[in-house]
file input_23.txt (compact mmCIF, C-alpha atoms and all ligand atoms)
# COMPACT_ATOMS: atom_id res chain seq x y z
CA MET K 1 0.48 -27.61 -16.33
CA GLY K 2 -2.18 -25.51 -18.06
CA TYR K 3 -5.20 -24.89 -15.84
CA ARG K 4 -8.77 -24.69 -17.14
CA VAL K 5 -9.46 -22.35 -14.22
CA PRO K 6 -6.36 -20.20 -13.66
CA PHE K 7 -5.73 -18.44 -10.38
CA VAL K 8 -5.17 -15.20 -12.28
CA ASP K 9 -4.99 -14.61 -16.03
CA PRO K 10 -2.57 -11.77 -16.96
CA LYS K 11 -2.76 -12.54 -20.70
CA THR K 12 -6.53 -12.11 -20.88
CA HIS K 13 -6.24 -9.10 -18.58
CA TYR K 14 -3.90 -7.42 -21.06
CA ARG K 15 -6.00 -8.39 -24.10
CA ARG K 16 -9.08 -6.76 -22.57
CA LEU K 17 -7.26 -3.46 -21.99
CA LYS K 18 -4.84 -3.63 -24.91
CA GLY K 19 -6.00 -0.47 -26.72
CA GLU K 20 -5.82 1.76 -23.65
CA ILE K 21 -2.59 0.30 -22.31
CA ASP K 22 -0.73 0.31 -25.62
CA GLY K 23 -1.83 3.91 -26.13
CA ALA K 24 -0.50 4.99 -22.72
CA ILE K 25 2.82 3.18 -23.14
CA THR K 26 3.33 4.42 -26.70
CA GLU K 27 2.72 7.99 -25.61
CA CYS K 28 5.45 7.70 -22.95
CA LEU K 29 7.92 6.07 -25.30
CA ALA K 30 7.26 8.39 -28.24
CA ASN K 31 7.80 11.45 -26.04
CA GLY K 32 10.72 10.04 -24.08
CA ASP K 33 8.69 10.34 -20.87
CA LEU K 34 10.52 7.73 -18.82
CA VAL K 35 11.41 9.29 -15.47
CA TYR K 36 9.08 11.30 -13.20
CA ARG K 37 6.92 12.95 -15.83
CA ARG K 38 3.27 13.98 -16.03
CA GLN K 39 2.02 10.37 -15.98
CA LEU K 40 3.53 9.70 -12.55
CA LYS K 41 2.26 12.97 -11.11
CA ASP K 42 -1.24 12.38 -12.54
CA PHE K 43 -1.31 8.85 -11.17
CA GLU K 44 -0.18 10.01 -7.73
CA GLN K 45 -2.92 12.64 -7.63
CA ARG K 46 -5.65 10.23 -8.68
CA LEU K 47 -4.44 7.52 -6.31
CA ALA K 48 -4.46 9.95 -3.37
CA ALA K 49 -8.00 11.02 -4.28
CA PHE K 50 -9.10 7.39 -4.55
CA VAL K 51 -7.62 6.43 -1.16
CA GLY K 52 -8.76 9.68 0.49
CA THR K 53 -5.41 11.25 1.41
CA LYS K 54 -3.72 14.50 0.44
CA TYR K 55 -0.61 12.90 -1.04
CA ALA K 56 0.53 9.73 -2.78
CA VAL K 57 4.17 9.01 -3.55
CA GLY K 58 4.96 6.38 -6.19
CA VAL K 59 7.79 3.98 -5.34
CA ASN K 60 9.07 0.83 -6.96
CA SER K 61 7.45 -1.71 -4.61
CA GLY K 62 5.20 -2.24 -1.64
CA TYR K 63 8.34 -3.18 0.25
CA HIS K 64 9.88 0.25 -0.30
CA ALA K 65 6.60 1.93 0.64
CA LEU K 66 6.88 0.17 4.01
CA HIS K 67 10.59 0.76 4.47
CA PHE K 68 10.39 4.47 3.62
CA SER K 69 7.34 4.92 5.83
CA LEU K 70 9.21 3.48 8.80
CA LEU K 71 12.30 5.59 8.09
CA ALA K 72 10.15 8.71 7.72
CA ALA K 73 8.42 7.85 11.01
CA GLY K 74 11.85 7.83 12.67
CA VAL K 75 12.06 4.08 13.35
CA CYS K 76 15.67 3.37 14.37
CA PRO K 77 17.85 0.56 15.70
CA GLY K 78 16.65 -0.35 19.20
CA ASP K 79 12.99 0.38 18.45
CA GLU K 80 10.29 -2.27 18.34
CA VAL K 81 7.56 -2.44 15.71
CA VAL K 82 4.49 -4.59 16.31
CA THR K 83 2.99 -6.46 13.38
CA VAL K 84 1.55 -9.86 12.48
CA ALA K 85 3.45 -12.97 11.44
CA HIS K 86 0.67 -13.93 9.03
CA THR K 87 1.76 -11.57 6.26
CA PHE K 88 4.09 -11.43 3.30
CA VAL K 89 7.69 -11.37 4.47
CA ALA K 90 8.24 -7.83 3.12
CA THR K 91 6.24 -6.37 6.02
CA VAL K 92 8.75 -7.79 8.48
CA SER K 93 11.84 -7.23 6.31
CA ALA K 94 11.06 -3.51 6.21
CA ILE K 95 11.25 -3.44 10.02
CA VAL K 96 14.47 -5.46 10.11
CA HIS K 97 16.11 -3.22 7.49
CA CYS K 98 15.51 -0.19 9.74
CA GLY K 99 17.51 -1.99 12.42
CA ALA K 100 14.36 -2.33 14.55
CA LYS K 101 12.94 -5.46 16.17
CA PRO K 102 9.74 -6.96 14.78
CA VAL K 103 7.32 -8.01 17.51
CA LEU K 104 5.07 -10.56 15.86
CA ILE K 105 1.56 -11.18 17.15
CA ASP K 106 -1.34 -13.42 16.21
CA VAL K 107 -4.36 -12.79 14.04
CA GLY K 108 -8.08 -13.22 14.61
CA PRO K 109 -10.73 -15.15 12.65
CA ASP K 110 -10.61 -12.67 9.73
CA TYR K 111 -6.82 -13.13 9.37
CA ASN K 112 -6.14 -9.59 10.57
CA MET K 113 -4.27 -8.48 13.70
CA ASP K 114 -5.89 -9.62 16.95
CA LEU K 115 -6.42 -6.29 18.68
CA ASP K 116 -6.79 -7.86 22.13
CA LEU K 117 -3.19 -9.02 21.77
CA LEU K 118 -1.99 -5.70 20.36
CA GLU K 119 -2.48 -3.77 23.57
CA ARG K 120 -0.43 -6.32 25.53
CA SER K 121 2.44 -6.27 23.04
CA ILE K 122 3.11 -2.53 23.27
CA GLY K 123 6.03 -1.69 25.54
CA PRO K 124 8.43 1.21 26.20
CA LYS K 125 10.45 0.46 23.05
CA THR K 126 7.45 0.28 20.71
CA LYS K 127 7.75 2.96 18.06
CA ALA K 128 5.22 1.80 15.49
CA ILE K 129 2.47 -0.66 14.64
CA ILE K 130 2.00 -2.12 11.17
CA PRO K 131 -1.53 -3.48 10.78
CA VAL K 132 -1.79 -5.62 7.63
CA HIS K 133 -5.13 -5.41 5.85
CA LEU K 134 -4.97 -8.94 4.55
CA ASN K 135 -6.86 -10.43 1.61
CA GLY K 136 -8.69 -7.16 0.90
CA ARG K 137 -10.18 -6.53 4.34
CA VAL K 138 -9.28 -3.57 6.54
CA CYS K 139 -8.45 -4.08 10.21
CA ASN K 140 -10.79 -2.45 12.70
CA MET K 141 -8.94 0.84 12.41
CA GLU K 142 -11.12 2.74 14.85
CA ARG K 143 -10.04 0.49 17.66
CA LEU K 144 -6.47 0.15 16.43
CA MET K 145 -5.96 3.92 16.13
CA ALA K 146 -7.41 4.41 19.60
CA ILE K 147 -4.85 1.95 21.03
CA ALA K 148 -2.00 3.56 19.05
CA ASN K 149 -2.97 7.08 20.12
CA LEU K 150 -3.29 6.05 23.74
CA HIS K 151 0.30 4.81 23.69
CA GLY K 152 1.71 7.53 21.40
CA VAL K 153 2.74 4.99 18.78
CA VAL K 154 2.89 5.59 15.01
CA VAL K 155 0.70 3.53 12.64
CA VAL K 156 1.96 2.50 9.20
CA GLU K 157 -0.75 0.60 7.34
CA ASP K 158 0.28 -2.31 5.16
CA ALA K 159 -2.52 -1.89 2.63
CA ALA K 160 -0.73 -3.85 -0.10
CA GLN K 161 -3.73 -6.18 -0.41
CA ALA K 162 -6.50 -3.71 0.29
CA LEU K 163 -6.72 -0.88 -2.24
CA GLY K 164 -10.37 0.18 -2.27
CA ALA K 165 -11.37 -1.62 0.92
CA THR K 166 -12.98 0.58 3.57
CA PHE K 167 -13.86 0.60 7.26
CA ASN K 168 -16.80 2.84 8.20
CA GLY K 169 -16.52 4.32 4.71
CA LYS K 170 -12.88 5.36 5.09
CA GLY K 171 -10.27 3.88 2.76
CA ALA K 172 -7.47 1.48 3.62
CA GLY K 173 -4.29 3.52 3.70
CA SER K 174 -5.94 6.72 4.98
CA PHE K 175 -6.00 6.04 8.75
CA GLY K 176 -2.38 5.88 9.85
CA LEU K 177 0.63 8.12 9.32
CA THR K 178 0.99 6.36 5.97
CA GLY K 179 -0.65 3.67 3.87
CA CYS K 180 1.56 1.33 1.84
CA PHE K 181 0.38 -0.18 -1.45
CA SER K 182 1.80 -2.75 -3.83
CA PHE K 183 1.18 -2.93 -7.58
CA TYR K 184 2.81 -6.32 -7.98
CA PRO K 185 1.38 -8.01 -11.10
CA PHE K 186 -1.24 -10.08 -9.22
CA LYS K 187 -2.58 -7.28 -7.04
CA ILE K 188 -6.01 -5.77 -7.67
CA LEU K 189 -4.29 -2.77 -9.26
CA SER K 190 -1.37 -4.37 -11.03
CA GLY K 191 1.58 -3.10 -13.02
CA PHE K 192 3.71 -5.01 -15.51
CA GLY K 193 6.38 -5.49 -12.87
CA ASP K 194 7.00 -4.21 -9.37
CA GLY K 195 5.50 -0.97 -8.13
CA GLY K 196 4.11 0.59 -5.00
CA ALA K 197 2.98 3.81 -3.33
CA ILE K 198 2.81 5.59 -0.01
CA THR K 199 -0.31 7.56 0.85
CA THR K 200 -0.36 10.17 3.59
CA ASP K 201 -1.93 13.43 4.76
CA ASN K 202 1.39 14.56 6.17
CA ARG K 203 3.31 16.93 3.88
CA GLU K 204 6.68 16.34 5.54
CA ILE K 205 6.35 12.58 5.33
CA ALA K 206 5.37 12.83 1.65
CA ARG K 207 8.39 15.01 1.00
CA MET K 208 10.76 12.71 2.84
CA ALA K 209 9.45 9.68 0.96
CA SER K 210 9.86 11.60 -2.32
CA LEU K 211 13.50 12.31 -1.47
CA LEU K 212 14.26 8.81 -0.20
CA ARG K 213 13.04 7.22 -3.43
CA TYR K 214 15.31 9.45 -5.52
CA ASN K 215 18.68 8.96 -3.82
CA GLY K 216 17.91 11.75 -1.38
CA GLU K 217 17.86 14.42 -4.08
CA ASP K 218 15.50 17.36 -4.21
CA ARG K 219 14.85 17.49 -7.95
CA GLU K 220 14.11 21.21 -7.87
CA THR K 221 17.34 22.31 -6.18
CA GLY K 222 19.69 19.40 -6.87
CA GLU K 223 20.49 19.20 -3.14
CA TYR K 224 21.03 15.74 -1.62
CA HIS K 225 19.29 15.66 1.76
CA TYR K 226 19.90 12.01 2.70
CA HIS K 227 21.64 8.88 1.56
CA GLY K 228 18.57 7.63 -0.24
CA TYR K 229 17.60 4.79 -2.54
CA THR K 230 16.92 4.25 -6.25
CA ALA K 231 13.25 3.44 -5.85
CA LEU K 232 11.08 5.71 -7.98
CA LEU K 233 7.95 4.30 -9.59
CA ASP K 234 8.75 4.13 -13.33
CA ASN K 235 6.85 6.65 -15.41
CA VAL K 236 5.71 3.97 -17.89
CA GLN K 237 4.39 1.82 -15.03
CA ALA K 238 2.58 4.87 -13.64
CA ALA K 239 0.98 5.48 -17.03
CA VAL K 240 -0.31 1.89 -17.10
CA LEU K 241 -1.49 2.05 -13.48
CA ASP K 242 -3.31 5.30 -14.20
CA VAL K 243 -5.23 3.61 -17.02
CA LYS K 244 -6.10 0.70 -14.77
CA LEU K 245 -7.09 2.87 -11.81
CA ARG K 246 -10.07 4.07 -13.86
CA HIS K 247 -11.29 0.46 -14.03
CA LEU K 248 -10.75 -0.30 -10.37
CA PRO K 249 -14.31 0.38 -9.13
CA GLU K 250 -15.74 -2.07 -11.69
CA TRP K 251 -13.10 -4.68 -10.78
CA ILE K 252 -13.91 -4.34 -7.10
CA GLU K 253 -17.59 -4.85 -7.87
CA HIS K 254 -16.72 -7.89 -9.98
CA ARG K 255 -14.65 -9.44 -7.18
CA ARG K 256 -17.45 -8.90 -4.70
CA GLN K 257 -19.84 -10.65 -7.08
CA ILE K 258 -17.42 -13.57 -7.54
CA ALA K 259 -17.10 -13.78 -3.74
CA GLY K 260 -20.90 -13.88 -3.52
CA LEU K 261 -21.03 -16.75 -6.02
CA TYR K 262 -18.43 -18.72 -4.07
CA ARG K 263 -20.43 -18.09 -0.93
CA ARG K 264 -23.69 -19.32 -2.45
CA GLY K 265 -21.97 -22.43 -3.82
CA LEU K 266 -19.99 -23.34 -0.71
CA ASP K 267 -22.17 -22.22 2.17
CA GLY K 268 -23.30 -25.12 4.33
CA ILE K 269 -20.29 -27.39 3.83
CA SER K 270 -19.58 -27.96 7.49
CA ASP K 271 -15.89 -28.66 7.01
CA LEU K 272 -15.26 -25.36 5.29
CA LYS K 273 -14.89 -21.88 6.68
CA LEU K 274 -15.62 -19.02 4.27
CA PRO K 275 -14.35 -15.41 4.40
CA HIS K 276 -17.68 -13.70 5.10
CA TYR K 277 -18.25 -11.80 8.32
CA ALA K 278 -21.34 -10.20 9.77
CA ASP K 279 -20.11 -6.64 10.51
CA SER K 280 -21.31 -4.21 7.84
CA SER K 281 -18.74 -1.54 8.83
CA PHE K 282 -16.29 -3.37 6.57
CA PHE K 283 -16.29 -3.17 2.76
CA ASP K 284 -14.06 -6.00 1.51
CA ILE K 285 -12.46 -6.05 -1.94
CA TYR K 286 -11.38 -9.73 -1.96
CA GLN K 287 -7.80 -9.42 -3.12
CA ASN K 288 -7.81 -13.11 -2.22
CA TYR K 289 -10.75 -15.44 -1.61
CA VAL K 290 -9.43 -17.60 1.20
CA ILE K 291 -11.24 -20.66 2.53
CA ARG K 292 -10.19 -22.90 5.40
CA THR K 293 -10.34 -26.63 5.93
CA ALA K 294 -8.39 -29.12 8.00
CA ARG K 295 -8.00 -31.18 4.78
CA ARG K 296 -6.43 -28.35 2.83
CA ASP K 297 -3.66 -30.34 1.14
CA ASP K 298 -6.03 -33.09 -0.09
CA LEU K 299 -8.52 -30.50 -1.34
CA ARG K 300 -5.80 -28.60 -3.12
CA GLU K 301 -4.60 -31.75 -4.89
CA HIS K 302 -8.20 -32.62 -5.83
CA LEU K 303 -8.62 -29.14 -7.38
CA ARG K 304 -5.28 -29.38 -9.16
CA GLN K 305 -6.23 -32.67 -10.75
CA ALA K 306 -9.45 -31.07 -11.97
CA GLY K 307 -7.45 -28.24 -13.59
CA ILE K 308 -8.26 -25.61 -10.99
CA GLU K 309 -5.34 -23.53 -9.83
CA THR K 310 -5.09 -22.42 -6.21
CA LEU K 311 -2.44 -20.81 -4.03
CA VAL K 312 -1.56 -21.05 -0.37
CA HIS K 313 -0.66 -17.83 1.46
CA TRP K 314 1.47 -19.03 3.35
CA PRO K 315 2.20 -22.71 3.96
CA LYS K 316 4.81 -22.23 6.68
CA PRO K 317 4.92 -19.74 9.59
CA MET K 318 7.42 -17.02 8.86
CA TRP K 319 9.62 -17.75 11.87
CA GLU K 320 10.23 -21.30 10.61
CA HIS K 321 12.29 -19.88 7.74
CA LYS K 322 15.58 -20.09 9.56
CA GLY K 323 17.34 -17.60 7.27
CA LEU K 324 15.07 -14.84 8.54
CA GLU K 325 16.52 -15.27 12.04
CA LEU K 326 13.24 -14.49 13.80
CA GLU K 327 12.46 -15.61 17.32
CA ASN K 328 9.63 -18.16 17.55
CA PRO K 329 6.80 -15.98 18.86
CA THR K 330 4.46 -18.96 19.59
CA LEU K 331 1.36 -17.92 17.68
CA PRO K 332 -1.13 -20.82 17.65
CA GLU K 333 -3.66 -19.25 15.30
CA THR K 334 -1.02 -18.38 12.70
CA GLU K 335 0.31 -21.95 12.85
CA ILE K 336 -3.12 -23.48 12.24
CA ILE K 337 -3.90 -21.01 9.48
CA CYS K 338 -0.73 -22.02 7.63
CA ARG K 339 -2.03 -25.61 7.59
CA GLU K 340 -5.62 -24.81 6.65
CA VAL K 341 -5.89 -21.89 4.21
CA ILE K 342 -6.26 -22.11 0.47
CA SER K 343 -6.91 -19.22 -1.94
CA LEU K 344 -9.37 -19.86 -4.78
CA PRO K 345 -9.17 -18.28 -8.26
CA MET K 346 -10.05 -14.59 -7.97
CA SER K 347 -9.30 -11.79 -10.42
CA ALA K 348 -11.00 -9.39 -12.83
CA GLU K 349 -10.96 -12.28 -15.32
CA THR K 350 -12.56 -14.92 -13.07
CA THR K 351 -15.94 -15.85 -14.57
CA ARG K 352 -19.17 -17.38 -13.28
CA GLU K 353 -18.17 -20.59 -15.13
CA HIS K 354 -14.81 -20.66 -13.35
CA VAL K 355 -16.55 -20.36 -9.99
CA GLU K 356 -19.07 -23.09 -10.90
CA ALA K 357 -16.23 -25.43 -11.85
CA ALA K 358 -14.38 -24.76 -8.59
CA VAL K 359 -17.53 -25.05 -6.49
CA ASP K 360 -18.54 -28.37 -8.14
CA CYS K 361 -15.10 -29.76 -7.52
CA ILE K 362 -15.07 -28.68 -3.87
CA GLN K 363 -18.59 -30.06 -3.30
CA ASN K 364 -17.52 -33.39 -4.83
CA PHE K 365 -14.48 -33.50 -2.63
CA PHE K 366 -16.47 -33.13 0.57
CA ALA K 367 -19.36 -35.35 -0.64
CA SER K 368 -17.01 -38.22 -1.42
CA TRP K 369 -15.22 -37.89 1.88
CA PRO K 370 -16.62 -40.47 4.35
CA VAL K 371 -18.33 -38.79 7.28
CA SER K 372 -16.38 -40.90 9.78
CA LEU K 373 -13.12 -39.44 8.47
CA ARG K 374 -14.23 -35.86 8.80
CA THR K 375 -12.56 -33.61 11.24
CA THR K 376 -14.00 -30.28 12.08
CA ALA K 377 -12.26 -27.46 10.31
CA ALA K 378 -11.65 -24.26 12.21
CA SER K 379 -14.99 -23.04 13.46
C1 LIG A 401 0.67 -7.94 2.74
C2 LIG A 401 1.79 -7.51 1.83
N1 LIG A 401 2.71 -6.67 2.31
C3 LIG A 401 3.73 -6.23 1.55
C4 LIG A 401 3.86 -6.64 0.23
C5 LIG A 401 5.06 -6.20 -0.53
O1 LIG A 401 4.76 -5.63 -1.78
P1 LIG A 401 5.80 -5.77 -2.99
O2 LIG A 401 5.77 -7.19 -3.45
O3 LIG A 401 5.25 -4.81 -4.01
O4 LIG A 401 7.14 -5.35 -2.47
C6 LIG A 401 2.91 -7.51 -0.32
C7 LIG A 401 3.00 -7.95 -1.72
O5 LIG A 401 3.06 -9.05 -2.08
C8 LIG A 401 1.86 -7.97 0.52
O6 LIG A 401 0.93 -8.82 0.05
call {"tool": "encode", "arguments": {"input": "input_23.txt", "output": "structure tokens", "more": "lines below"}}
Ligand SMILES: Cc1ncc(COP(=O)(O)O)c(C=O)c1O
result
Amino acid sequence: MGYRVPFVDPKTHYRRLKGEIDGAITECLANGDLVYRRQLKDFEQRLAAFVGTKYAVGVNSGYHALHFSLLAAGVCPGDEVVTVAHTFVATVSAIVHCGAKPVLIDVGPDYNMDLDLLERSIGPKTKAIIPVHLNGRVCNMERLMAIANLHGVVVVEDAAQALGATFNGKGAGSFGLTGCFSFYPFKILSGFGDGGAITTDNREIARMASLLRYNGEDRETGEYHYHGYTALLDNVQAAVLDVKLRHLPEWIEHRRQIAGLYRRGLDGISDLKLPHYADSSFFDIYQNYVIRTARRDDLREHLRQAGIETLVHWPKPMWEHKGLELENPTLPETEIICREVISLPMSAETTREHVEAAVDCIQNFFASWPVSLRTTAAS
């Protein structure tokens, strides 16, 4: 069905940037610049500067950014890697594909790793931690890095949803050994297909990731150093991403304004929990605007009928997907979250009118819901 308020709007997004994007693509095509040319190198440099690291290495997905980071960190069969279950499956698949064991832990009220649980989950086999900066909010990296350093464990940041978010002024993806980004079409910085990048201050790690993405080959010498992968970020995608990177600060500001409008419209509905937190050390970029209610499914249907598109990240705990062959880690918070969360429309194209329509609809839903039937949503 066509939605009057779409979750994201890639067609309008393209129309707004058409001149710049068509120019960048045409330049690549006209010059035959398809594989690892100036556009990719320029993008990598600008991305590293934006994140606040020395290096950025373009790869073909956020998944490969994670996988290569773990390989470069020396994660091997027999190792354990601690991460959250409330994440996109790629975070965990990257661990599994290194032959390591994912140790899944619960999240706190901001949907990020519960750091009280982290300390307890580190054991003699733990090689790495993957904090996931979910929905555009960085984990408390000061505390997390202190725990990791205490135990001599590597940190690979899953920053796929957090480009531009900061903690104490420092960018997501600049704290750990590496930061891993995704440029999947609905991310804040989006390509026209899959794409990703690794950021790091470590020259050796950057070099290893550069080799791994190109079948192990050193392009200067022609020497194959590893059995690698075909996973380079396409030059044309890099050219498009480089154009869009220039707009990122204004898009972040826009998302923060949209989040503020949602907040003003929805604050005070006792059955709803909103993604706003008191600590000013965090600068959130709202990759997703996630609200919580015990009546999530009814609310979602109500919004759908009113032509407002929403998404649920994720409706079922990861370990319940039997094909993934994960142990049930018993994570009560993750289980409840899967039943309660709903993501509202949020993109560079979301307008004040879109927010007003969604807010009206949500207010109506709760106003028409008899008080006696109300249950208290997560507090
Ligand atoms: C938290 C998280 N981790 C990892 C990924 C994987 O990125 P990609 O889809 O580019 O492989 C995503 C993207 O959806 C994500 O949201």
call {"tool": "atom_distance", "arguments": {"input": "input_23.txt", "atom1": "CA of Lys127 (chain K)", "atom2": "CA of Lys170 (chain K)"}}
result
24.5 Å
call {"tool": "residues_near_ligand", "arguments": {"input": "input_23.txt", "ligand": "ligand LIG 401 (chain A)", "cutoff": "9 Å", "atoms": "all atoms listed in the file", "output": "VMD selection string"}}
result
chain K and resid 60 to 66 86 to 92 132 to 135 158 to 162 180 to 187 193 to 197
call {"tool": "closest_residue", "arguments": {"input": "input_23.txt", "among": "K:Asn328, K:Thr178, K:Ser270, K:Ser281", "to": "Thr166 (chain K)", "atoms": "all atoms listed in the file"}}
result
K:Ser281
call {"tool": "residues_around", "arguments": {"input": "input_23.txt", "residues": "region 208-215 of chain K", "least_positions_apart": "3", "cutoff": "8 Å", "atoms": "only C-alpha atoms", "output": "list in words"}}
result
Val57, Val59, Phe68, Ser69, Ala72, Ile198, Glu204, Ile205, Asp218, Tyr224, His225, Tyr226, His227, Gly228, Tyr229, Thr230, Ala231 and Leu232 of chain K
call {"tool": "atom_distance", "arguments": {"input": "input_23.txt", "atom1": "CA of Gly171 (chain K)", "atom2": "CA of Phe7 (chain K)"}}
result
26.3 Å
call {"tool": "closest_residue", "arguments": {"input": "input_23.txt", "among": "K:Gly19, K:Pro131, K:Gly32, K:Gly307", "to": "Ala358 (chain K)", "atoms": "all atoms listed in the file"}}
result
K:Gly307
